[in-house]
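Undergrad: Structure below; questions to follow.
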Amino acid sequence: MYHLNFLNFSTSQIVNDLKNKGYFACESALEEEYIDQIFQDIDFNNILINTNDVGVVITQNIKFFTHCLASSKTTYDILTSRKILDICNEYFDDDYKLTNHRVYQVYKSGHMPWHTDNNLQSGKQLVAKHNMPGLLFLFYLSDVTKNAFQYLKYSHKWSYKYDGEIYLTDTFIDKNYKNDILSFPMKKGTIIICDIHGIHRAEPFKDDNYSRTTLLFQVDQVGSKYIGHGEKNLVNTEYLDNLTPEVMDYLGFGFPRKYPAFPSSSVATMTPQNILALQKQLLPQTIQALTKSLVKYLLPAETFINIKRILWDLKLKNKNKQF
Ligand SMILES: O=C(O)CCC(=O)C(=O)O
Ligand SMILES: [Fe+2]
């Protein structure tokens, strides 16, 4: 799953970087075949509408696949991999939980504000910043030349000064911390880990021909004071081939989770272009549905059942002929 250049970093080295610098980054950490597999698990061209499954939703210029653990064994394996758990075990000194995760694809443009991820929520609303330790993990699933992850040097040590703010403006950061901005334009397969208390963002970009795909997950040291902290983890039981008390605890078995899946989406979070493209996609299906309902209106229900019986009979006869 991981290349040696990541595995060769000892867990203590990584944890040391996280505690001192607030981040750790390593290029070509995730093997290509795992990245390819994630793209096979997720069809970014298929947006959920009356589909009885988990899948992709859109908000503005970002496509999100949130419930990875329900529909991508590869992401499940990465999120529960030994190396990740080892890092968490050494970094945290109390129980920790996977509090959110998603794969997202940003395209054409993006402007994320500077922020920290130590958020306490009530429903989908941010209500306060918390002081639980936590780690944000990012895997670049495409080469990142634009829209790179950015981190303010040592900000995990002083970001509490801005706990009253939801975001920090670009102007404020440019004025006060311009020289502290670290940017991570790196190759596909890169892993970046950072302290959730560090101030970070994805660098704004505008380019109709560019997109960036990322696997992100967050692990927080959720103490008994914060019962309910985190998004629900919908897990496909088929994937649970490594279940140990450690993994169960990390995934939050039996632990309440009160936050809705991120992002909170609806047709209204799509761009007008997206909605238009969707209408085009829906047209043949709408015609199909109309035809079906017209035929149903014209023919008695019994006729339908009889047609189905005849078709079934023909199918059986054909099958029997083959043997
Ligand atoms: O995509 C990135 O570079 C950062 C994402 C991030 O900070 C977030 O979603 O909270
Ligand atoms: Fe963030």
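Ordering of the structure tokens sets the chain letters (A, B, ...), residue numbers begin anew at 1 in every chain, and ligands are numbered from 1 in the order given.
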Could you please extract the residues within 6 Å of ligand 1, counting only C-alpha atoms and all ligand atoms, and hand them back as number ranges by chain?
TA: A: 148-149, 201-202
Undergrad: Within 7 Å of ligand 2, counting only C-alpha atoms and all ligand atoms: which residues, as a ChimeraX atom specification?
TA: /A:115-117,200-201
Undergrad: Can I get the selection written as a PDB file, in the first residue's frame, with N, CA and C atoms?
TA:
ATOM      1  N   HIS A 115      -8.143  28.586   7.912  1.00  0.00           N
ATOM      2  CA  HIS A 115      -8.952  28.075   9.031  1.00  0.00           C
ATOM      3  C   HIS A 115      -8.178  27.031   9.837  1.00  0.00           C
ATOM      4  N   THR A 116      -8.768  26.634  10.941  1.00  0.00           N
ATOM      5  CA  THR A 116      -8.276  25.462  11.688  1.00  0.00           C
ATOM      6  C   THR A 116      -9.421  24.451  11.691  1.00  0.00           C
ATOM      7  N   ASP A 117      -9.124  23.202  12.052  1.00  0.00           N
ATOM      8  CA  ASP A 117     -10.180  22.181  12.020  1.00  0.00           C
ATOM      9  C   ASP A 117     -10.550  21.656  13.410  1.00  0.00           C
ATOM     10  N   HIS A 200      -4.514  26.630   8.121  1.00  0.00           N
ATOM     11  CA  HIS A 200      -4.218  26.100   6.796  1.00  0.00           C
ATOM     12  C   HIS A 200      -5.358  26.391   5.814  1.00  0.00           C
ATOM     13  N   ARG A 201      -5.117  26.061   4.578  1.00  0.00           N
ATOM     14  CA  ARG A 201      -6.143  26.180   3.532  1.00  0.00           C
ATOM     15  C   ARG A 201      -5.611  25.494   2.271  1.00  0.00           C
TER      16      ARG A 201
END
Undergrad: Apply DSSP to the backbone of this structure and, from stretch 100-184 of chain A, keep only the residues in strand (DSSP E); write these as an MDAnalysis selection string.
TA: chainID A and resid 100:110 119:122 125:129 134:140 149:152 181:184
Undergrad: List as a PDB file with N, CA and C atoms, in the first residue's frame the protein and nucleic acid residues near A:Ile275, meaning an atom at most 12 Å away when only C-alpha atoms are counted, but skip any in the same chain fewer than 5 places from it.
TA:
ATOM      1  N   ILE A  47     -23.809  11.622 -10.282  1.00  0.00           N
ATOM      2  CA  ILE A  47     -24.236  12.371  -9.101  1.00  0.00           C
ATOM      3  C   ILE A  47     -25.514  11.739  -8.535  1.00  0.00           C
ATOM      4  N   ILE A  49     -29.039  11.163  -7.424  1.00  0.00           N
ATOM      5  CA  ILE A  49     -30.404  11.711  -7.447  1.00  0.00           C
ATOM      6  C   ILE A  49     -31.312  10.500  -7.389  1.00  0.00           C
ATOM      7  N   ILE A  58     -22.455  17.365  -5.125  1.00  0.00           N
ATOM      8  CA  ILE A  58     -21.708  18.551  -5.565  1.00  0.00           C
ATOM      9  C   ILE A  58     -22.036  19.767  -4.711  1.00  0.00           C
ATOM     10  N   THR A  59     -21.014  20.514  -4.327  1.00  0.00           N
ATOM     11  CA  THR A  59     -21.270  21.878  -3.845  1.00  0.00           C
ATOM     12  C   THR A  59     -20.318  22.786  -4.608  1.00  0.00           C
ATOM     13  N   GLN A  60     -20.878  23.726  -5.292  1.00  0.00           N
ATOM     14  CA  GLN A  60     -20.126  24.657  -6.155  1.00  0.00           C
ATOM     15  C   GLN A  60     -19.182  23.893  -7.096  1.00  0.00           C
ATOM     16  N   SER A 266     -27.575  19.814  -1.597  1.00  0.00           N
ATOM     17  CA  SER A 266     -28.895  19.650  -2.221  1.00  0.00           C
ATOM     18  C   SER A 266     -28.740  20.165  -3.642  1.00  0.00           C
ATOM     19  N   VAL A 267     -29.817  20.142  -4.413  1.00  0.00           N
ATOM     20  CA  VAL A 267     -29.714  20.662  -5.783  1.00  0.00           C
ATOM     21  C   VAL A 267     -29.268  22.133  -5.739  1.00  0.00           C
ATOM     22  N   ALA A 268     -29.665  22.839  -4.665  1.00  0.00           N
ATOM     23  CA  ALA A 268     -29.338  24.266  -4.561  1.00  0.00           C
ATOM     24  C   ALA A 268     -27.842  24.527  -4.356  1.00  0.00           C
ATOM     25  N   THR A 269     -27.044  23.504  -3.987  1.00  0.00           N
ATOM     26  CA  THR A 269     -25.601  23.737  -3.813  1.00  0.00           C
ATOM     27  C   THR A 269     -24.839  23.497  -5.123  1.00  0.00           C
ATOM     28  N   MET A 270     -25.579  23.146  -6.179  1.00  0.00           N
ATOM     29  CA  MET A 270     -24.933  22.930  -7.475  1.00  0.00           C
ATOM     30  C   MET A 270     -24.841  24.255  -8.231  1.00  0.00           C
ATOM     31  N   LYS A 280     -29.947  17.669 -18.864  1.00  0.00           N
ATOM     32  CA  LYS A 280     -29.690  16.958 -20.124  1.00  0.00           C
ATOM     33  C   LYS A 280     -29.616  15.465 -19.868  1.00  0.00           C
ATOM     34  N   GLN A 281     -28.927  15.127 -18.753  1.00  0.00           N
ATOM     35  CA  GLN A 281     -28.763  13.716 -18.396  1.00  0.00           C
ATOM     36  C   GLN A 281     -30.124  13.094 -18.047  1.00  0.00           C
ATOM     37  N   LEU A 282     -31.005  13.946 -17.468  1.00  0.00           N
ATOM     38  CA  LEU A 282     -32.297  13.435 -17.004  1.00  0.00           C
ATOM     39  C   LEU A 282     -33.318  13.273 -18.125  1.00  0.00           C
TER      40      LEU A 282
END
Undergrad: Given only C-alpha atoms as the basis, pick out the residue of A:Gly252, A:Gln285, A:Gln221, A:Val106 nearest to A:Pro204.
TA: A:Val106
Undergrad: I'd like the neighbourhood of stretch 159-166 of chain A as a PyMOL selection string, where a residue qualifies if any of its atoms comes within 12 Å (using only C-alpha atoms), though same-chain residues fewer than 4 positions away should be ignored.
TA: chain A and resi 22+113-121+125-132+151-155+172-173+177+195-200
Undergrad: May I have the residues from that selection written out with C-alpha atoms, as a PDB file, in the first residue's frame?
TA:
ATOM      1  CA  GLY A  22       2.768  20.910  13.197  1.00  0.00           C
ATOM      2  CA  PRO A 113     -10.470  30.522   3.589  1.00  0.00           C
ATOM      3  CA  TRP A 114      -7.638  30.144   6.137  1.00  0.00           C
ATOM      4  CA  HIS A 115      -8.952  28.075   9.031  1.00  0.00           C
ATOM      5  CA  THR A 116      -8.276  25.462  11.688  1.00  0.00           C
ATOM      6  CA  ASP A 117     -10.180  22.181  12.020  1.00  0.00           C
ATOM      7  CA  ASN A 118     -10.681  22.032  15.800  1.00  0.00           C
ATOM      8  CA  ASN A 119     -14.368  22.668  15.335  1.00  0.00           C
ATOM      9  CA  LEU A 120     -17.201  21.890  17.710  1.00  0.00           C
ATOM     10  CA  GLN A 121     -20.547  21.754  15.964  1.00  0.00           C
ATOM     11  CA  GLN A 125     -23.225  24.856  12.562  1.00  0.00           C
ATOM     12  CA  LEU A 126     -19.807  25.574  14.026  1.00  0.00           C
ATOM     13  CA  VAL A 127     -20.322  26.661  17.637  1.00  0.00           C
ATOM     14  CA  ALA A 128     -16.808  26.874  19.095  1.00  0.00           C
ATOM     15  CA  LYS A 129     -13.190  25.824  18.771  1.00  0.00           C
ATOM     16  CA  HIS A 130     -12.169  22.909  21.018  1.00  0.00           C
ATOM     17  CA  ASN A 131      -8.838  22.019  22.539  1.00  0.00           C
ATOM     18  CA  MET A 132      -8.771  18.280  21.835  1.00  0.00           C
ATOM     19  CA  TYR A 151       0.081  25.798   6.260  1.00  0.00           C
ATOM     20  CA  LEU A 152       1.199  28.695   8.480  1.00  0.00           C
ATOM     21  CA  LYS A 153       4.501  27.829  10.123  1.00  0.00           C
ATOM     22  CA  TYR A 154       4.149  26.925  13.810  1.00  0.00           C
ATOM     23  CA  SER A 155       0.528  28.122  13.815  1.00  0.00           C
ATOM     24  CA  PHE A 172      -5.122  39.647   7.458  1.00  0.00           C
ATOM     25  CA  ILE A 173      -2.812  36.700   6.734  1.00  0.00           C
ATOM     26  CA  TYR A 177       1.934  36.122   8.306  1.00  0.00           C
ATOM     27  CA  ASP A 195      -2.190  19.337  13.524  1.00  0.00           C
ATOM     28  CA  ILE A 196      -5.865  20.378  13.306  1.00  0.00           C
ATOM     29  CA  HIS A 197      -4.974  23.448  15.402  1.00  0.00           C
ATOM     30  CA  GLY A 198      -2.635  24.681  12.669  1.00  0.00           C
ATOM     31  CA  ILE A 199      -3.961  27.418  10.338  1.00  0.00           C
ATOM     32  CA  HIS A 200      -4.218  26.100   6.796  1.00  0.00           C
TER      33      HIS A 200
END
Undergrad: Considering only C-alpha atoms, state which residue in the set A:Phe217, A:Phe64, A:Tyr96, A:Phe137 is at the smallest distance from A:Val247.
TA: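 Nearest to A:Val247: A:Tyr96.
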Undergrad: In stretch 86-291 of chain A, what's helix (DSSP H, G or I) per DSSP? Answer as a compact mmCIF listing (two decimals) with N, CA and C atoms, in the first residue's frame?
TA:
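Saved as selection.txt:
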# COMPACT_ATOMS: atom_id res chain seq x y z
N ASP A 86 -0.51 3.43 13.91
CA ASP A 86 0.73 3.59 14.70
C ASP A 86 1.00 5.06 14.99
N ILE A 87 0.81 5.88 13.95
CA ILE A 87 1.04 7.33 14.13
C ILE A 87 0.06 7.86 15.20
N CYS A 88 -1.21 7.46 15.07
CA CYS A 88 -2.22 7.93 16.03
C CYS A 88 -1.88 7.44 17.44
N ASN A 89 -1.50 6.17 17.55
CA ASN A 89 -1.18 5.61 18.87
C ASN A 89 -0.08 6.39 19.56
N GLU A 90 0.90 6.78 18.75
CA GLU A 90 2.04 7.48 19.38
C GLU A 90 1.74 8.97 19.60
N TYR A 91 0.90 9.52 18.75
CA TYR A 91 0.63 10.96 18.84
C TYR A 91 -0.33 11.28 19.99
N SER A 155 1.81 27.54 13.39
CA SER A 155 0.53 28.12 13.81
C SER A 155 -0.22 27.24 14.81
N HIS A 156 0.13 25.93 14.87
CA HIS A 156 -0.54 25.05 15.85
C HIS A 156 -0.22 25.49 17.28
N LYS A 157 0.86 26.30 17.43
CA LYS A 157 1.25 26.73 18.77
C LYS A 157 0.55 28.03 19.19
N TRP A 158 0.05 28.80 18.21
CA TRP A 158 -0.55 30.09 18.59
C TRP A 158 -1.94 30.37 18.00
N SER A 159 -2.50 29.40 17.28
CA SER A 159 -3.78 29.68 16.62
C SER A 159 -4.91 29.94 17.64
N TYR A 160 -4.71 29.48 18.89
CA TYR A 160 -5.76 29.69 19.92
C TYR A 160 -6.09 31.18 20.09
N LYS A 161 -5.12 32.05 19.71
CA LYS A 161 -5.35 33.50 19.83
C LYS A 161 -6.54 33.93 18.97
N TYR A 162 -6.83 33.12 17.95
CA TYR A 162 -7.91 33.48 17.02
C TYR A 162 -9.12 32.57 17.17
N ASP A 170 -7.81 36.61 3.92
CA ASP A 170 -6.57 36.60 3.13
C ASP A 170 -5.77 37.87 3.43
N THR A 171 -6.47 38.99 3.52
CA THR A 171 -5.80 40.28 3.76
C THR A 171 -5.08 40.25 5.10
N PHE A 172 -5.73 39.71 6.13
CA PHE A 172 -5.12 39.65 7.46
C PHE A 172 -3.86 38.77 7.44
N ILE A 173 -3.97 37.62 6.78
CA ILE A 173 -2.81 36.70 6.73
C ILE A 173 -1.68 37.33 5.93
N ASP A 174 -2.02 37.96 4.79
CA ASP A 174 -1.00 38.60 3.95
C ASP A 174 -0.27 39.69 4.73
N LYS A 175 -1.01 40.40 5.55
CA LYS A 175 -0.44 41.52 6.29
C LYS A 175 0.46 41.03 7.44
N ASN A 176 0.01 39.96 8.09
CA ASN A 176 0.70 39.56 9.32
C ASN A 176 1.57 38.31 9.23
N TYR A 177 1.24 37.41 8.30
CA TYR A 177 1.93 36.12 8.31
C TYR A 177 2.44 35.71 6.93
N LYS A 178 2.57 36.65 6.02
CA LYS A 178 2.94 36.32 4.64
C LYS A 178 4.19 35.43 4.56
N ASN A 179 5.17 35.75 5.41
CA ASN A 179 6.43 34.99 5.34
C ASN A 179 6.36 33.62 6.01
N ASP A 180 5.25 33.35 6.65
CA ASP A 180 5.12 32.06 7.34
C ASP A 180 4.33 31.05 6.53
N SER A 224 -14.34 12.00 26.97
CA SER A 224 -15.73 11.78 27.41
C SER A 224 -16.50 13.11 27.47
N LYS A 225 -15.76 14.21 27.43
CA LYS A 225 -16.40 15.53 27.49
C LYS A 225 -17.12 15.85 26.18
N TYR A 226 -16.70 15.19 25.12
CA TYR A 226 -17.22 15.56 23.79
C TYR A 226 -17.99 14.42 23.12
N THR A 237 -19.97 -3.74 6.06
CA THR A 237 -19.47 -4.81 6.95
C THR A 237 -18.55 -5.78 6.20
N GLU A 238 -18.73 -5.86 4.88
CA GLU A 238 -17.88 -6.73 4.07
C GLU A 238 -16.39 -6.38 4.21
N TYR A 239 -16.13 -5.10 4.50
CA TYR A 239 -14.73 -4.65 4.55
C TYR A 239 -14.03 -4.98 5.88
N PRO A 245 -10.35 -4.69 18.71
CA PRO A 245 -10.90 -3.65 19.59
C PRO A 245 -10.32 -2.27 19.23
N GLU A 246 -9.06 -2.24 18.81
CA GLU A 246 -8.41 -0.97 18.45
C GLU A 246 -9.13 -0.30 17.25
N VAL A 247 -9.39 -1.10 16.20
CA VAL A 247 -10.05 -0.56 15.01
C VAL A 247 -11.50 -0.17 15.33
N MET A 248 -12.16 -1.01 16.15
CA MET A 248 -13.55 -0.72 16.51
C MET A 248 -13.65 0.61 17.26
N ASP A 249 -12.71 0.84 18.13
CA ASP A 249 -12.71 2.06 18.91
C ASP A 249 -12.44 3.28 18.01
N TYR A 250 -11.48 3.11 17.12
CA TYR A 250 -11.09 4.17 16.17
C TYR A 250 -12.27 4.53 15.26
N LEU A 251 -13.02 3.51 14.79
CA LEU A 251 -14.15 3.77 13.90
C LEU A 251 -15.39 4.24 14.68
N VAL A 267 -29.82 20.14 -4.41
CA VAL A 267 -29.71 20.66 -5.78
C VAL A 267 -29.27 22.13 -5.74
N ALA A 268 -29.67 22.84 -4.66
CA ALA A 268 -29.34 24.27 -4.56
C ALA A 268 -27.84 24.53 -4.36
N THR A 269 -27.04 23.50 -3.99
CA THR A 269 -25.60 23.74 -3.81
C THR A 269 -24.84 23.50 -5.12
N PRO A 272 -25.32 26.60 -11.62
CA PRO A 272 -26.32 26.55 -12.69
C PRO A 272 -25.86 25.64 -13.84
N GLN A 273 -24.54 25.66 -14.14
CA GLN A 273 -24.02 24.79 -15.22
C GLN A 273 -24.24 23.32 -14.89
N ASN A 274 -23.97 22.97 -13.61
CA ASN A 274 -24.19 21.59 -13.16
C ASN A 274 -25.65 21.18 -13.32
N ILE A 275 -26.52 22.11 -12.93
CA ILE A 275 -27.97 21.81 -12.97
C ILE A 275 -28.41 21.60 -14.42
N LEU A 276 -27.87 22.42 -15.29
CA LEU A 276 -28.21 22.30 -16.71
C LEU A 276 -27.73 20.96 -17.27
N ALA A 277 -26.49 20.60 -16.93
CA ALA A 277 -25.93 19.33 -17.40
C ALA A 277 -26.77 18.17 -16.87
N LEU A 278 -27.24 18.34 -15.65
CA LEU A 278 -28.06 17.30 -15.03
C LEU A 278 -29.39 17.13 -15.77
N GLN A 279 -29.98 18.29 -16.16
CA GLN A 279 -31.25 18.24 -16.89
C GLN A 279 -31.08 17.44 -18.18
N LYS A 280 -29.95 17.67 -18.86
CA LYS A 280 -29.69 16.96 -20.12
C LYS A 280 -29.62 15.47 -19.87
N GLN A 281 -28.93 15.13 -18.75
CA GLN A 281 -28.76 13.72 -18.40
C GLN A 281 -30.12 13.09 -18.05
N LEU A 282 -31.01 13.95 -17.47
CA LEU A 282 -32.30 13.43 -17.00
C LEU A 282 -33.32 13.27 -18.13
N LEU A 283 -33.08 13.99 -19.23
CA LEU A 283 -34.08 14.01 -20.30
C LEU A 283 -34.46 12.60 -20.79
N PRO A 284 -33.48 11.76 -21.21
CA PRO A 284 -33.87 10.43 -21.68
C PRO A 284 -34.60 9.62 -20.60
N GLN A 285 -34.18 9.78 -19.34
CA GLN A 285 -34.83 9.03 -18.26
C GLN A 285 -36.25 9.55 -18.02
N THR A 286 -36.43 10.87 -18.22
CA THR A 286 -37.76 11.45 -18.04
C THR A 286 -38.70 10.90 -19.12
N ILE A 287 -38.19 10.83 -20.36
CA ILE A 287 -39.01 10.29 -21.46
C ILE A 287 -39.37 8.84 -21.18
N GLN A 288 -38.38 8.09 -20.68
CA GLN A 288 -38.61 6.68 -20.34
C GLN A 288 -39.72 6.55 -19.27
N ALA A 289 -39.62 7.41 -18.26
CA ALA A 289 -40.60 7.35 -17.16
C ALA A 289 -41.99 7.73 -17.66
N LEU A 290 -42.04 8.74 -18.54
CA LEU A 290 -43.34 9.18 -19.09
C LEU A 290 -43.98 8.08 -19.92
N THR A 291 -43.16 7.43 -20.77
CA THR A 291 -43.68 6.36 -21.62
C THR A 291 -44.23 5.24 -20.75
Undergrad: Can you write out as a tab-separated table which residues of stretch 114-219 of chain A fall within 8 Å of stretch 253-260 of chain A, alongside each residue's closest atom pair and its distance in Å to one decimal, counting only C-alpha atoms and ordering rows by chain and ascending residue number?
TA:
residue	atom	partner	partner_atom	distance
A:Gln121	CA	A:Tyr259	CA	6.9
A:Ser122	CA	A:Tyr259	CA	7.2
A:Gly123	CA	A:Tyr259	CA	5.3
A:Lys124	CA	A:Pro260	CA	6.1
Undergrad: Selected residues, C-alpha atoms, written as a PDB file, in the first residue's frame, please.
TA:
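The resulting file, out-v1.pdb, is shown below:
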ATOM      1  CA  GLN A 121     -20.547  21.754  15.964  1.00  0.00           C
ATOM      2  CA  SER A 122     -24.210  21.826  16.803  1.00  0.00           C
ATOM      3  CA  GLY A 123     -25.798  20.117  13.828  1.00  0.00           C
ATOM      4  CA  LYS A 124     -23.971  21.538  10.846  1.00  0.00           C
TER       5      LYS A 124
END
Undergrad: Residues within 12 Å of A:Leu4, please, as a list in words. Count only C-alpha atoms; anything in the same chain fewer than 4 positions from it doesn't count.
TA: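 Contacts, in chain order: Asn8, Phe9, Ser10, Cys26, Glu27, Ser28, Ala29, Leu30, Glu31 and Lys83 of chain A.
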Undergrad: Which value, in Å to one decimal, gives the distance between atom CA of A:Ile38 and atom CA of A:Thr74?
TA: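 Interatomic distance, atom CA of A:Ile38 to atom CA of A:Thr74: 6.2 Å.
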Undergrad: Go through A:Asn306, A:Ile193, A:Asp17, A:Tyr104 and flag the residue nearest A:Ile84, using only C-alpha atoms for the distances.
TA: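 That would be A:Ile193, the residue with the smallest distance to A:Ile84.
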Undergrad: For a quick check of understanding, using only C-alpha atoms, which of A:Val103, A:Leu7, A:Leu168, A:Leu85 has the smallest distance to A:Ser71?
TA: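 For A:Ser71, the nearest of the given residues is A:Val103.
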Undergrad: Please determine, counting only C-alpha atoms, which residue among A:Thr190, A:Ser72, A:Ser264, A:Ser293 has the shortest atom-to-atom distance to A:Asn5.
TA: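 Of A:Thr190, A:Ser72, A:Ser264, A:Ser293, the one nearest A:Asn5, counting only C-alpha atoms, is A:Thr190.
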Undergrad: Taking into account only C-alpha atoms, which residue in the set A:Ala261, A:Leu79, A:Leu18, A:Leu215 is nearest to A:Ile42?
TA: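 Closest to A:Ile42, using only C-alpha atoms: A:Leu215.
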Undergrad: Enter the distance from atom CA of A:Met186 to atom CA of A:Thr271, in Å, rounded to one decimal.
TA: 28.8 Å
